[in-house]
Structure formats: C-alpha cells, structure tokens
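First up is the structure itself, then whatever we jot down about it.
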There are 4 protein chains.
Amino acid sequence: MNGNRFGRLFQVTTYGESHGPGMGVVVSGCPAGLELDEETIQRELDRRKPGQSMITTSRGEPDEVTINSGVQDGYTTGTPIGMTIQNKDAESGKYEPFVTAPRPSHGDFTYSAKFGTRNWGGGGRSSARETVNWVAAGAIAKEVLEHEGVQVKAHVNQIGDVEAPEVSFEEMLEHTEDNDVRCAHPETAEEMQELIEDYQERGDSIGGSIYFEIRGVPRGLGAPRFDSVEARLGQAMMSVPASTAFEFGRGRDARTIPGKEHNDDWEFGDDGDPVPVENDHGGLQGGITTGEPIYGEVTLHAPTSIPKKQQTVDWETGEQKEIQVVGRHDPVLPPRGVPVVEAMLNVTMLDFMLLGGRVNPDRLDGQPGEYDTDYHPSSPRNE
Amino acid sequence: MNGNRFGRLFQVTTYGESHGPGMGVVVSGCPAGLELDEETIQRELDRRKPGQSMITTSRGEPDEVTINSGVQDGYTTGTPIGMTIQNKDAESGKYEPFVTAPRPSHGDFTYSAKFGTRNWGGGGRSSARETVNWVAAGAIAKEVLEHEGVQVKAHVNQIGDVEAPEVSFEEMLEHTEDNDVRCAHPETAEEMQELIEDYQERGDSIGGSIYFEIRGVPRGLGAPRFDSVEARLGQAMMSVPASTAFEFGRGRDARTIPGKEHNDDWEFGDDGDPVPVENDHGGLQGGITTGEPIYGEVTLHAPTSIPKKQQTVDWETGEQKEIQVVGRHDPVLPPRGVPVVEAMLNVTMLDFMLLGGRVNPDRLDGQPGEYDTDYHPSSPRNE
Amino acid sequence: MNGNRFGRLFQVTTYGESHGPGMGVVVSGCPAGLELDEETIQRELDRRKPGQSMITTSRGEPDEVTINSGVQDGYTTGTPIGMTIQNKDAESGKYEPFVTAPRPSHGDFTYSAKFGTRNWGGGGRSSARETVNWVAAGAIAKEVLEHEGVQVKAHVNQIGDVEAPEVSFEEMLEHTEDNDVRCAHPETAEEMQELIEDYQERGDSIGGSIYFEIRGVPRGLGAPRFDSVEARLGQAMMSVPASTAFEFGRGRDARTIPGKEHNDDWEFGDDGDPVPVENDHGGLQGGITTGEPIYGEVTLHAPTSIPKKQQTVDWETGEQKEIQVVGRHDPVLPPRGVPVVEAMLNVTMLDFMLLGGRVNPDRLDGQPGEYDTDYHPSSPRNE
Amino acid sequence: MNGNRFGRLFQVTTYGESHGPGMGVVVSGCPAGLELDEETIQRELDRRKPGQSMITTSRGEPDEVTINSGVQDGYTTGTPIGMTIQNKDAESGKYEPFVTAPRPSHGDFTYSAKFGTRNWGGGGRSSARETVNWVAAGAIAKEVLEHEGVQVKAHVNQIGDVEAPEVSFEEMLEHTEDNDVRCAHPETAEEMQELIEDYQERGDSIGGSIYFEIRGVPRGLGAPRFDSVEARLGQAMMSVPASTAFEFGRGRDARTIPGKEHNDDWEFGDDGDPVPVENDHGGLQGGITTGEPIYGEVTLHAPTSIPKKQQTVDWETGEQKEIQVVGRHDPVLPPRGVPVVEAMLNVTMLDFMLLGGRVNPDRLDGQPGEYDTDYHPSSPRNE
C-alpha cells in the first residue's frame, strides 16, 4: 500500500530519500546458512553507483553498505537482514527553486498532491536513489539463486534508435560490463556511447531499453493468474524508475504473429521430458515456467532532469516560470538500470523459488550450482 | 501465492475450472450503500460471453450470475459479495487426447509439472474461462467508480498488421460496441473482421492489442515504487490471459524519444492548479496520478487453440504425436479481451481510490459522477 | 482488512449472511493429490449443524456442501476449492423489530455504525452462521494434516462453574462426541447438561470454555514474533464468535508461577534429540514449536440471544424499548464451538506446515500418518 | 511469514538481534504532516530501557534512536520512516556455554531446530531486545492517535499473587510511572516491589500481568471476523515476549457469567446515540467498536533467565549438563512490558483508525485531540 514492500516469502522493505540521512533495506526470508559478507553486496552496489563513468551523474556517493543483523560469523541466520547506506554528497540547495515550482515530469507535483508535502531535496523519495536498496537486496537473492543454478543477466539493447543485434547469454555474461553503456555487443556499445554524448552535449537526454534473460529456472514455478510469473515480473519491472513498457517472449511483436507460428510444438528433451521446440513464449505457459529461458525487455524513458530550459508554474506565487534543472544527472538510464533490473529479477525469481519449495538449504554452503549457458538452443532471441 | 487473489482494499478472490461444476468470485471491500443487482453484472458478462458473434467460440454458456451475499434490498451492505456462475456446456471428452500429450503453448505441461496433476477438461484452471469471475468483479468496481466520476474504456487498436488510427475517448465510448471486433474505428473494424475471418478459414489464429484509457482520476493516487499505479497495472494487465506486453504513456516508443520532447511542461489549468501541457507520461509521474488521463496498451498473442495440425509428445507412451485441437475456440482474443481488460482496470483503480480515501459513501446513492470526456485536450493520444 | 480472509499459504476466503441466499468459502493453497469428497466435509459440518440436540438452536439447516472446483476424480488438483452451502430455514421476519433497535450485545449497532446499513436478518454477517465456512475449510486442512501425523482435538472443559478434570488426549478422542455437551469427561458432561438445561428453562444462557490440544507437530514450525505460533493462534481463536480469552501453556495461571517452576529443563528424548522434561510452555518456545503438544483454552461468553426481556433504544423513533429476542438460539456455545475451534486450529497449523515446507505431497495419497496419542507423558495437562 | 512485519496500512517492519550490530525498524503508512523528532521517540524508549531501576537488567544500553528518513524540517512526509538503534553493551562471551546446550524455556533449541543455526549471543533474534523496535514504532502511532483523541494506557495489575484493586483510567495516567513496578495503585506497587526483590534474591523470577485500556475510540472501527479488533489485538498481544494469555472485556471470567448479566442493555447517550448501559463487552460487539473503552489483560510468564541451577543437554557432546544462566536479566517482565504493550496497542489501533478513514491529516498539525478521561462511567472496570 505504501510502496516500500516487495515479495511474499522473500520480502524486501525499503526506506530513504535522495537527500535524507540515509537509505535502508530489510530483507526477510533469506534462508539460513548462506555465506554472505558486505563485500558481496558492495560489488553489486558499485555497478549501480553514480560517478562510475562520464555518462553517469557526478554525485559522489561511495554507497557503502553496513549489515546490521541477520548474519553471524559470515553466514546468514535466517532472521531479517537489515542494511543501511548513508547519503554523503547531498546538495539540496540546488533544489530550492523547485519547492513550489514542479520540475517537468518529475514526481514533484504528484508527491505534493498526494502527501501535501514532500522531501524536495534531490527528488526525495521519488528519486532513483531508492534503487540502491533494491540492488543490495538483489545481491543477496543472486547469491542464493546461484547455489540453485538459476542465473539472471541483462544488457542494454537499445539507446535512442541505436539497436543492438541479438546476443547470446554467454555474450551478455562476457561483455556487458566491458563498456560504460553495458551493451553486450561492443560495436553497438560504441555507437550508443556516441549518441549519449551527443545528447549530453546538447543538454538533453535520451531513452533506451534493457533486454534480460533468466536461465536455469526449474519447471513448474509460478502460479495461475494474478501470481503468474509474468504478472509478478510485470509489477517488478514497472516499479523500475522510468519504465514505460514491459514485454516478455515475443512481447509487443506478438500482435502480428499467427498462432501456428507463435505456438511452440513439443519434443522430448535430452532428459526424456517434454521441451518446447522453440521458446516463443519466453519460458512461460499458463503463467508457469517450462524450464526454458525466460526473456523480455524493459523500456526506460529519457531522464527527466535535463539542463535545457523548460516551462513550469509556481503554485505559491501563481506565476509562470522558466527553469533549468542544474543538479548532477544521468543523460540516459539503461546503463545504470542494468544492475537495478537484474536485482528485481533476482528478488522476484527467488521469491518464486521459495514458494515452490525449490531452495535447498543443504546446497547453500556447497559450491554454486551449475547452470548451462547453452541451456537451450531454440530460444528465438539467441539463435 | 495461489494466484486467485487480487487487490488490497478492494479484494477479489476467484475459483473455477473451464469444465468444473462452476466458477465463483468473492468481492470484499465494496463500500456499503451501492445500488446493485444481478442485471448490472450480467450486462458486463454478456459482453465477454462466448458465442456472441461469428468470431468467438461457439461454446454455449449463458454465464448467468447469482449473487449469494453482500446485497440486501438492492443495495450493498459492505460485507463480502459472493457470486457463482455455473458451467453448462462443457464437452470434456474432446480433451482426452491431451491428458498426457500437452497441446502446444497451453498450460497443459506446466500445470502438470507444478501440481503433478491438473484439471484437463477445457484447459481447467488455465482456461480463460476464469475471466468470467474478473468481469463480474469488475462490473461492481465500475459501478462504484462511476459515482466518483472515474471512467475506464478500452477498444481493439490492432489485429495482426491492421492498426487503427488514434481515436478519442468519446469515439471509444460511442463505437466500440458497434462491431464484433470492438474497434472504435468503424472502417478499421471491417478490415480487422476480414483479417480474422481469413485466419479462421485457414485454421489459424492471430494476435492483436487493446488500447485503454482512464478518465476522471483524481490527483495524488498511487504510492511510490512497488505500489505505483503502473506497477499495479503492470501486474493486472500481465495477468490477462495471453498478454505479452504492457505499455503506458509513450510505452515502447519512449526508448527513442529525447528528454526535452518527452518531458511535460507545466501550465496552470482552468481551476488554477498545475497541469502538464502535454500528457506524454500517461497521467502518471513518480508512479502517482497527475489527474490527466491514464492510457496504455496491452498485447495479446494469438489464441493457442488452433485446428491446424501440430506436433507434440505423449509423456506416458513416450511417443511423438501429431494432434489437432478441435474444441470450440476464438480465432483472436482482443474482442472478448476488451471487457476483461476493462474489468481489471476498474478493479485496480477502485483499489487505489479506496486506498486514497477517495470513495465517498455519501455519493453512492446519488447520481453517477460527472466525467468530462473532453477532459483535457492535450493528451497526445487524443489530439 | 475486510475480515473474510485467513491464512498465508493455506488461504481461506469466506462470504455469507445468516439469512442471505447462501454461504461460501474458497480454499486456496491445498496441495494437489489429496483424496477429497463432499462427504468428508459434510461429516465435520454435521458436528456443527444446528438442531443436533436439545441444547442447540432448532433452526433446520441441512448445511449441505457443494464443491464447485479444485477437485477432479476424487482428488484435489492444487487449484482453489470453491464451496457453497445454501441457507434454507431463514425466518427473517422475527428480526424486524430490531432493525433500528439493537439487541443487547449483538453486532446490530456496531455493524450499522460501521457500514451505515447491515444485513439485519438473523444477525446477517455477524451471525455465527459464518463458521459453517470455517468448518468446511477446516475439514480439508484436517485431511492434509492427518497424512502428516498432526492431529487436533478439543473438548468442552467448563460450562458456568462446572469444570471438568484434566483428561488425556485419548479420552478427548474417545469421549468428546459421546454426549451433546462435547465434554470428554462423561460425569462432568452430565452435570454440564443439567446446568445448561437449567439456564435454558430460565430463558437465560451461560458461558463456558474449550480446551484444545495439537499433537504430532514437528519441531521448528512458526516464526519469530508477529508470526509466532501463539500470535497466529491468538488471532484465530479471538476470531471465534464470542471468544473473550485465549490462553496457551499455563495461560493465565502463569502470572503466579515462579521461573524455576515454569521453566522446562531439557533431557534427551527417545530419538536422542533434546525434549523438555515438562511441557509448561505448551509446545512453544520463542514462538516456535518444540515438537511437544501445543495446548490451550478459549473462553466463550454466554450467547447474547436470550428470551428474557431486555432494554434497548430505537434510534429511529428515539424511544426506549423493552425487547424479547425470540428466534431460535443456543443456550450455550462451546458444544457447537468445538468443531469451530478445531477447524481454525487445523487451518492455522496447516498454514504453518506449508510455510515450513513440511507437507509432503507424496504422502497425501498413502495412508494417514501415525500420531502417537501417548505422544509425550510429561505434558502437565495429561499426567 | 518471517515474523518481522505487523500492520496493514500502518506497517511496522523490524530487524535486529540482541548482540548484533544494531536494531532497526521501518514504519510506513504514517500520515504526512505530523510533528515528530527523535526526542518524542526517545521518551518512550527510555521507559523500556534496561537499567532504569533495581528490578531491571543492568545491561547498559542507551538505546539512542536515529531517524534516517521520512521526516523533514520536523514533520513527517508520508514516506517510510527508517530508524536505527545501535547495540552498545553486548557481552556475548557469557552465552558461549549455551551454543549447543539450550537454556530451559528460551528459544535456543527451537530457533536452532527451525534455522539449523541461530544468533546465539544474548538470545539473538528471540531476545526481547526486539521490542525496542516496537516501542519506537509505537511512539509514532501514539503521536498520531493523540491528535485524534485516542489514548492507550496500561499498568501492572498483578505480580505473582499480589493483585492490584481496580483503578480508574485517570489513576493509570497519573500513577503508573510513579514507581519502578509501573502499578498505578501505590500501595500495591510497594507490595509487588517487595515480592520481586524476594524472588530476585532467591535467584528466581516471577510472572505477572498488565491491564490496559483504550479510550476515545470512535464507533464502527474494526471488521467482521478475522479482522475483528479482538482478533488483531489477540495477535498483537500474543506477540509480546512471554505472553501466555490475552483477555478482553470480562475475559476468562466470562465462562461463569449468565447471558442476562453479561449482555449490555442499550440506552441513549448524551449525544442522543445509543450507548451500552454497561461495558461488559470491552468496547467491542461483533468485533467492532461501540465507542466505549476497550480494556483487557495480558499475562506474562516469569522470565526464563534465572541464576538458579537448571538441567539441560548438549546436543553436540550428547551429555546431560547443569547450567547457570548468568548474563544480566529482569526478575519480572511486566514493569518493562508496560511500554511494550502500550506500543503494540497504539500500533494496532492506529492501523484500525487508518483503515476506517478516521485519521484526519488536517488535525495533525493542530493541538492534540481531547479525550475525556471520564469517558463513560459504566465500564465495570472503572466504577
């Protein structure tokens, strides 16, 4: 109801504003016995961190996480894991002009309309700074999933009209972190980089999208209808700041595909169980996993904080006003969105794994599970 | 967890299988004092009913609803409303060939993988017959919203590659029910009808999409993040059978739009409050309503039940098998999907209205609220 | 929020008013593969049924249950089980005098205050008729638990000042159903019967209590704090109509017991694992099960519907008024409360078993589990 | 499911172990516009703090709270309030002997049985130190309720066999904090103090109970059945560490009271609305508030940590063992339990107020509401 809780058995609860004292997240439902330290979480936070490249905001946040509970002698105890991340580099003064004059397409006006007040510094609660909490929670979910052989990976597949060709799961694993754009196709990454710099120079910003894939998911996960995998992923992905579209399987294109072509015939897999000959349904049939890769896309609109002059009104003075959002902002969202999307996918999938009784505590202290990156050759996205 | 519950204050709980004795839905959280009879609900059920035209399945279900509780002397009492709809025209025999030989792209295999068994007649719980419950619940939500001046409307905007031009909210209200396709643009409707019949004749099916719009929503509804309006709509729309994409605002196109163009400047509205000059953000900023229309699209893939021959395997006999799904099926989903999408939008929006304290019981017994269909001239979809 | 939902993984959703068309309950989360028919449920409903003896209301309800979904060929499919029970013998006319003149200590006034209206016939939604739904749901939970060797049993241990001596679990199993009072101690049952008849003759009613015990619960069920077994049982038992006290372990008496006496020392059990030497903590330590029997008591106040003359006011006419509640009512609640309390205990415990991953679907189609009624000799209630 | 979440619209999420780095609590759903600072919360924490008197543990915890979010310029913003309290004086070494040899009647064994591990220092997550989080959350709820004229008060009404006579609400307000025992009846408090010291000297501990009362609650709060006020209070009160009984209204005594006596006749109140002549039902009828005071009792068993020698077993060595729990512990729980019980009552009642739409944001920045401590003269507890 209050927007700061996600998950059913793996529960994430968050707080924090962009320029408040600090961010915090409580993770409950993490199985006991998982090896876990702050460094594991920090690694993911660093991928999301501001100031990591020229195409991210220059705000200087070290984003150091502290674990306050739920871990003892390096292993989780099954009780809630409380984490905090202090805010260090807030410069609220820059936001004073916007207290009663909402920035275009930010949450300034709507938060004020809802609450009659708002944390105005840096966008307050509506700032994407909140996602630092998600990435911390997702880092824990990722660790558990790894032991079960489930793996999530995303990369930036489009910025403006620069679109990446299809890449394989292995390419995503190998190349995504190679460049600042987080596109697994190196040549396209360069083009994207140029496009972004171009918009940055013009004081503008640009939209883009993220492609994701989830491998190693066991069959039979998910529930009918309102708790189908796609319904829960839909909520998770539409929670990502700036997301305006969620697609899975053939996504938006499915509207032009005939049934005969879209349907996946069945054949026997190597283990003698039925597997779909193709995977046009993105690993899900009837809302439940087939065991094939789940894949989809999330569209993120252009950052709303741009240096260009824009028109607004001041509801206190009643005057029309021209404003310029100074602050320190990203010219494009998907590059830093990749770890955020991955985090929410990890959180959502672990929740399903726990609900399906598929997390084996005995496996947690052993070696990570084996996931076959060649998992199934028939995914239409990875031919 | 079990997929049959939706909503927080306005709660919908469902049961029923395609060929079981009957369907049922419990609606709790409906405010007391609403005038309500079975006819109001029946009207919506009839829009979803099979056999309503040549392009819908010929299964003969009258879909008569019975209200078992929560209504007294024609008015709701605030206590749970239990409704049942009997199944009359089940022909399970036709499904026997598929008990251990899953139909391509149905839930046959995944349900069996999850539960170790399944209601196999007519697709059982995975059948879209379940949506009869949603439409019954949505009909109640619609009644309440009408008293508050909130109105939901949808129409079919694409079938295969036949795409309708943009239509206004008034056109949707006026023309959607005029034709079997439920497209508010009459000429396009005819083209769609031809395309559908073409696929039907070929023993195939085709995908399509639904455009929706919500008017009269007050400002300040929704909550940050996981309970943002788009996150909840994302879950609701991805629950709709066969949906593969959910978009709102500029949707998937947002990936190619620069920030300067996508951002909505602010101006003063007629009542002296700030309103966005345009409405590229689909009525939502920071996950909370601006008061402008909320609009978006849902893609539904082609029906998976097609008469064409397809390949499958029988997990009992271990044999490859050619099958032909006979049954009685729709060649396209969006026409019957329109009342389903509207129902879930009504349910979701009433839930937000109740959470926001915006439903006034005193208004329920008066005349329906006034919604201005010219609401705001700046919506990019309704220029 | 709306009071008709209970349970987390095993979810019960109810509707229905005393004199409405019918009652209904949706059970979701029941594992697939359980043998289940209407007769199994009917057996429990018959224990709760009105008119079963001279000390229960003479309302003539057959309480016949219909299963609408979730069961196929005699086995559950894992999908929601919808059940309905029609109301047959409603005589609402008798309640007309109370529409605006609330009966003392019923929900008449409070329901009207909350909803601005109410189903006034027979107490409407506030009537204990609702518990027919609970008993139907509990019958299913009981079946599952039986396969896991968990068993719940209750009996009436006090009516007015007639108190039963402690009885063993076996005595409860053997004797509870022997008499109309449902007291497992035959001599006390006779005394209770006399006392009840005495109150009945005087046009009055009397309170009483129910003792319960749960055997065969595995160790380690429950969660810290707000989801401790006692917290969830507390909610379940305080939901029972007319309950005014819930106690477990030494209950209210614990206030006078020193720590040294109340503490349970540890010894090794037959299987080499630690067991408490005594079981003063009622099978729960830190909110989690020790594996020892869970036991406690629920107090039910006297029925509020009595033929004696009472004073009320009519909020429409503004007049003071003397009323006599005619209807058909029970002179005492615990005898019919026993199946209700057992039902809610079964529902609550199955929920914990599912959350703890302790329900093994493979066991469901075999023989019921073995529970040792001599389970542990040290329970202070069963020496 | 994980035991660290309470509340529906007013949501409390907690973490922390007795000897971990720190405790934390996230409060979401607090209305915007409430004046709030750390001092307000600290005041309540100090009432619960260890070391406040000779009859509480000497552990030296300052329990200083830090607010990390949700408050700006001294007022709440409507977004989640994250708070942390560091642990300073942990002496885990003392607990080493109990790692594999469970202390009698602690959660040592059950936590290990559930999780396969546990935070063993100071009882870890099972320690009552967790309640520091509840008191912090309750302090916020109390502030909101005060503006609405709702007031909660509790005092210790029994320690061992020393029972306090009934006291009025005013006496509770005036005298509870006067003595270390927190009994509002000064003479009884002295007797209790002596009794406690006596047990303390003998190396033993003793049980007791807390009486509570809630005034100023509007009519019509609560919902039928599973969400009745008593059901939710039942869960809240049975969550309190060491509670073994919850009673409201006439509680356990109701079992011996005839209907005619227990029923509350109706008369017109000063404002012309119906009020019960007496208040034997503890302010609740049909699970919904009558507007009269809600009152009840909670029994807390004797502290399990006692210096006396006790028997246990070591599951590692397989040996029987005599242990002595040294640490620093309370000889009795109710005195420090009073702020904890009040906190959970405040949290629960605010949740109901929010669900009932009874919190008026406009009142929050004005003067606290007026509650009439003479509220209604007919409460049987306050004659």
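Residues are named by chain letter and number: chains run A, B, ... in the order of the structure tokens, numbers start at 1 in each chain, and ligands are numbered from 1 in the order shown.
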With only C-alpha atoms counted and 9 Å as the cut-off, give the residues of region 251-370 of chain B in contact with region 112-130 of chain A, each with its shortest interatomic distance in Å and the pair that gives it, as JSON lines.
{"residue": "B:Gly286", "atom": "CA", "partner": "A:Ser126", "partner_atom": "CA", "distance": 5.9}
{"residue": "B:Gly287", "atom": "CA", "partner": "A:Ser126", "partner_atom": "CA", "distance": 8.6}
{"residue": "B:Ile288", "atom": "CA", "partner": "A:Lys114", "partner_atom": "CA", "distance": 7.8}
{"residue": "B:Thr289", "atom": "CA", "partner": "A:Lys114", "partner_atom": "CA", "distance": 8.8}
{"residue": "B:Thr290", "atom": "CA", "partner": "A:Ala113", "partner_atom": "CA", "distance": 8.3}
{"residue": "B:Gly356", "atom": "CA", "partner": "A:Lys114", "partner_atom": "CA", "distance": 8.4}
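Contact shell of Ile81 (chain B) at 9 Å (only C-alpha atoms; same-chain neighbours under 6 positions omitted): B:Val25, B:Val26, B:Val27, B:Ser28, B:Gly29, B:Cys30, B:Ile67, B:Asn68, B:Ser69, B:Gly70, B:Val71, C:Tyr15, C:Gly16.
Backbone DSSP assigns alpha helix (DSSP H) in region 46-158 of chain A to Asp46, Arg47, Arg48, Asp108, Phe109, Thr110, Tyr111, Ser112, Ala113, Lys114, Phe115, Thr131, Val132, Asn133, Trp134, Val135, Ala136, Ala137, Gly138, Ala139, Ile140, Ala141, Lys142, Glu143, Val144, Leu145, Glu146 and His147 of chain A.
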Q: Skip Asp280 (chain C) itself and residues of its chain fewer than 4 positions away, then list as a PyMOL selection string all residues within 7 Å of it, counting only C-alpha atoms.
A: chain C and resi 249-250+262+264+380
Q: Looking only at strand (DSSP E) from DSSP on the backbone, list the matching residues of region 244-369 of chain D as a PyMOL selection string.
A: chain D and resi 244-248+266-268+274-276+284-285+288-289+294-300+309-314+319-324
With N, CA and C atoms retained, could you export that selection as a compact mmCIF listing (two decimals), in the first residue's frame?
# COMPACT_ATOMS: atom_id res chain seq x y z
N THR D 244 1.26 -15.41 27.68
CA THR D 244 0.61 -16.72 27.64
C THR D 244 -0.91 -16.62 27.67
N ALA D 245 -1.43 -15.41 27.84
CA ALA D 245 -2.89 -15.25 27.84
C ALA D 245 -3.26 -13.85 27.41
N PHE D 246 -4.32 -13.76 26.62
CA PHE D 246 -4.90 -12.48 26.25
C PHE D 246 -6.39 -12.53 26.55
N GLU D 247 -6.87 -11.52 27.24
CA GLU D 247 -8.29 -11.44 27.57
C GLU D 247 -8.78 -10.03 27.27
N PHE D 248 -10.04 -9.92 26.87
CA PHE D 248 -10.62 -8.58 26.79
C PHE D 248 -12.03 -8.65 27.37
N TRP D 266 -29.07 -1.31 26.07
CA TRP D 266 -28.78 -0.04 25.39
C TRP D 266 -29.59 1.10 26.01
N GLU D 267 -28.94 2.26 26.08
CA GLU D 267 -29.64 3.48 26.47
C GLU D 267 -29.15 4.59 25.53
N PHE D 268 -29.79 5.76 25.63
CA PHE D 268 -29.28 6.86 24.81
C PHE D 268 -28.17 7.59 25.56
N PRO D 274 -27.13 5.64 20.72
CA PRO D 274 -27.17 4.50 21.64
C PRO D 274 -25.80 4.24 22.27
N VAL D 275 -25.79 4.02 23.57
CA VAL D 275 -24.59 3.56 24.26
C VAL D 275 -24.97 2.40 25.16
N PRO D 276 -24.08 1.45 25.32
CA PRO D 276 -24.40 0.34 26.22
C PRO D 276 -24.43 0.83 27.67
N LEU D 284 -16.37 -3.76 22.47
CA LEU D 284 -16.45 -4.43 21.18
C LEU D 284 -17.68 -5.31 21.08
N GLN D 285 -18.45 -5.17 20.02
CA GLN D 285 -19.58 -6.07 19.77
C GLN D 285 -19.52 -6.48 18.31
N ILE D 288 -16.47 -5.14 16.43
CA ILE D 288 -16.39 -3.74 16.01
C ILE D 288 -16.62 -2.85 17.23
N THR D 289 -15.98 -1.70 17.23
CA THR D 289 -16.03 -0.83 18.41
C THR D 289 -17.41 -0.20 18.63
N ILE D 294 -12.10 0.13 25.33
CA ILE D 294 -11.64 -1.24 25.11
C ILE D 294 -10.68 -1.56 26.24
N TYR D 295 -10.90 -2.66 26.93
CA TYR D 295 -9.98 -3.00 28.01
C TYR D 295 -9.71 -4.49 28.04
N GLY D 296 -8.59 -4.85 28.62
CA GLY D 296 -8.24 -6.27 28.68
C GLY D 296 -6.97 -6.48 29.49
N GLU D 297 -6.50 -7.72 29.43
CA GLU D 297 -5.32 -8.09 30.21
C GLU D 297 -4.41 -9.01 29.43
N VAL D 298 -3.13 -8.91 29.74
CA VAL D 298 -2.13 -9.79 29.14
C VAL D 298 -1.32 -10.40 30.28
N THR D 299 -1.17 -11.71 30.23
CA THR D 299 -0.35 -12.39 31.25
C THR D 299 1.04 -12.64 30.69
N LEU D 300 2.06 -12.30 31.46
CA LEU D 300 3.44 -12.58 31.05
C LEU D 300 4.06 -13.58 32.04
N LYS D 309 20.45 -23.00 39.34
CA LYS D 309 20.94 -24.10 38.52
C LYS D 309 19.80 -24.85 37.85
N GLN D 310 20.00 -25.20 36.58
CA GLN D 310 18.98 -25.92 35.83
C GLN D 310 19.62 -27.03 35.00
N GLN D 311 18.78 -27.96 34.57
CA GLN D 311 19.29 -29.11 33.80
C GLN D 311 19.08 -28.89 32.29
N THR D 312 20.10 -29.24 31.54
CA THR D 312 19.92 -29.24 30.09
C THR D 312 20.79 -30.35 29.48
N VAL D 313 20.77 -30.42 28.15
CA VAL D 313 21.60 -31.40 27.46
C VAL D 313 22.39 -30.70 26.38
N ASP D 314 23.53 -31.23 26.06
CA ASP D 314 24.36 -30.66 25.00
C ASP D 314 24.23 -31.56 23.77
N GLU D 319 25.86 -34.97 26.17
CA GLU D 319 25.87 -35.08 27.63
C GLU D 319 24.79 -34.26 28.33
N GLN D 320 24.33 -34.77 29.42
CA GLN D 320 23.45 -34.03 30.35
C GLN D 320 24.33 -32.96 30.99
N LYS D 321 23.75 -31.86 31.40
CA LYS D 321 24.58 -30.76 31.84
C LYS D 321 23.81 -29.90 32.84
N GLU D 322 24.50 -29.41 33.86
CA GLU D 322 23.87 -28.45 34.76
C GLU D 322 24.36 -27.07 34.35
N ILE D 323 23.42 -26.15 34.15
CA ILE D 323 23.89 -24.81 33.75
C ILE D 323 23.34 -23.73 34.67
N GLN D 324 24.00 -22.60 34.58
CA GLN D 324 23.58 -21.44 35.33
C GLN D 324 23.61 -20.25 34.37
With the cut-off set at 9 Å and counting only C-alpha atoms, tabulate each residue of chain D with an atom at most that distance from an atom of chain B, showing the nearest atom pair and its distance in Å to one decimal, ordered by chain and increasing number, as CSV.
residue,atom,partner,partner_atom,distance
D:Leu9,CA,B:Leu355,CA,8.9
D:Thr79,CA,B:Pro224,CA,8.4
D:Pro224,CA,B:Thr79,CA,8.4
D:Leu355,CA,B:Leu355,CA,8.6
D:Gly357,CA,B:Gly357,CA,6.7
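Using only C-alpha atoms, the nearest neighbour of Ile306 (chain C) within the list D:Lys260, D:His185, D:Arg103, D:Arg252 is D:Lys260.
For the atom pair formed by CA of Arg225 (chain C) and CA of Gly138 (chain D), the distance is 15.7 Å, given to one decimal.
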Q | Spatial neighbours of region 47-51 of chain A, 12 Å, only C-alpha atoms, chain gap at least 6 places, as a ChimeraX atom specification | A | /A:40-41,57-65,85,89,128-136,138-139,176-182,328-330,333-343
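Residue neighbourhood of Lys308 (chain B), excluding near-sequence residues (fewer than 4 positions): A:Gly259, A:Lys260, B:Arg202, B:Gly203, B:Asp204, B:Ser205, B:Ile323, B:Gln324, B:Val325, B:Val326, at 10 Å, using only C-alpha atoms.
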Write the residues you've just listed into a file as a CSV table (one decimal), in the first residue's frame, and include N, CA, C and O atoms for each of them.
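File produced: out04.csv:
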chain,number,residue,atom,x,y,z
A,259,GLY,N,-1.1,-17.8,-34.8
A,259,GLY,CA,-1.0,-18.8,-33.8
A,259,GLY,C,-0.1,-19.9,-34.2
A,259,GLY,O,0.7,-20.4,-33.4
A,260,LYS,N,-0.2,-20.4,-35.4
A,260,LYS,CA,0.6,-21.5,-35.9
A,260,LYS,C,2.1,-21.2,-35.7
A,260,LYS,O,2.9,-22.1,-35.3
B,202,ARG,N,-8.4,-20.4,-42.5
B,202,ARG,CA,-7.1,-21.2,-42.7
B,202,ARG,C,-6.8,-22.1,-41.5
B,202,ARG,O,-5.8,-22.7,-41.4
B,203,GLY,N,-7.7,-22.1,-40.5
B,203,GLY,CA,-7.5,-22.9,-39.3
B,203,GLY,C,-6.4,-22.4,-38.4
B,203,GLY,O,-5.7,-23.1,-37.7
B,204,ASP,N,-6.1,-21.1,-38.6
B,204,ASP,CA,-5.1,-20.5,-37.8
B,204,ASP,C,-5.7,-19.4,-36.9
B,204,ASP,O,-6.9,-19.2,-36.9
B,205,SER,N,-4.9,-18.6,-36.2
B,205,SER,CA,-5.4,-17.6,-35.4
B,205,SER,C,-4.4,-16.4,-35.4
B,205,SER,O,-3.3,-16.6,-36.0
B,323,ILE,N,-1.2,-33.8,-33.4
B,323,ILE,CA,-2.5,-33.6,-32.8
B,323,ILE,C,-3.2,-32.4,-33.5
B,323,ILE,O,-2.6,-31.6,-34.2
B,324,GLN,N,-4.5,-32.4,-33.3
B,324,GLN,CA,-5.4,-31.4,-33.8
B,324,GLN,C,-6.3,-31.0,-32.7
B,324,GLN,O,-7.1,-31.8,-32.2
B,325,VAL,N,-6.2,-29.7,-32.3
B,325,VAL,CA,-7.1,-29.3,-31.2
B,325,VAL,C,-8.5,-29.0,-31.8
B,325,VAL,O,-8.6,-28.0,-32.6
B,326,VAL,N,-9.5,-29.8,-31.5
B,326,VAL,CA,-10.8,-29.5,-32.0
B,326,VAL,C,-11.5,-28.5,-31.2
B,326,VAL,O,-11.5,-27.3,-31.4
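The spacing separating CA of Leu36 (chain D) from CA of Glu148 (chain D) amounts to 15.7 Å.
Distances to Leu195 (chain D) were evaluated for D:Pro258, D:Gly22, D:Pro331, D:Gly93 using only C-alpha atoms, and the minimum falls at D:Pro331.
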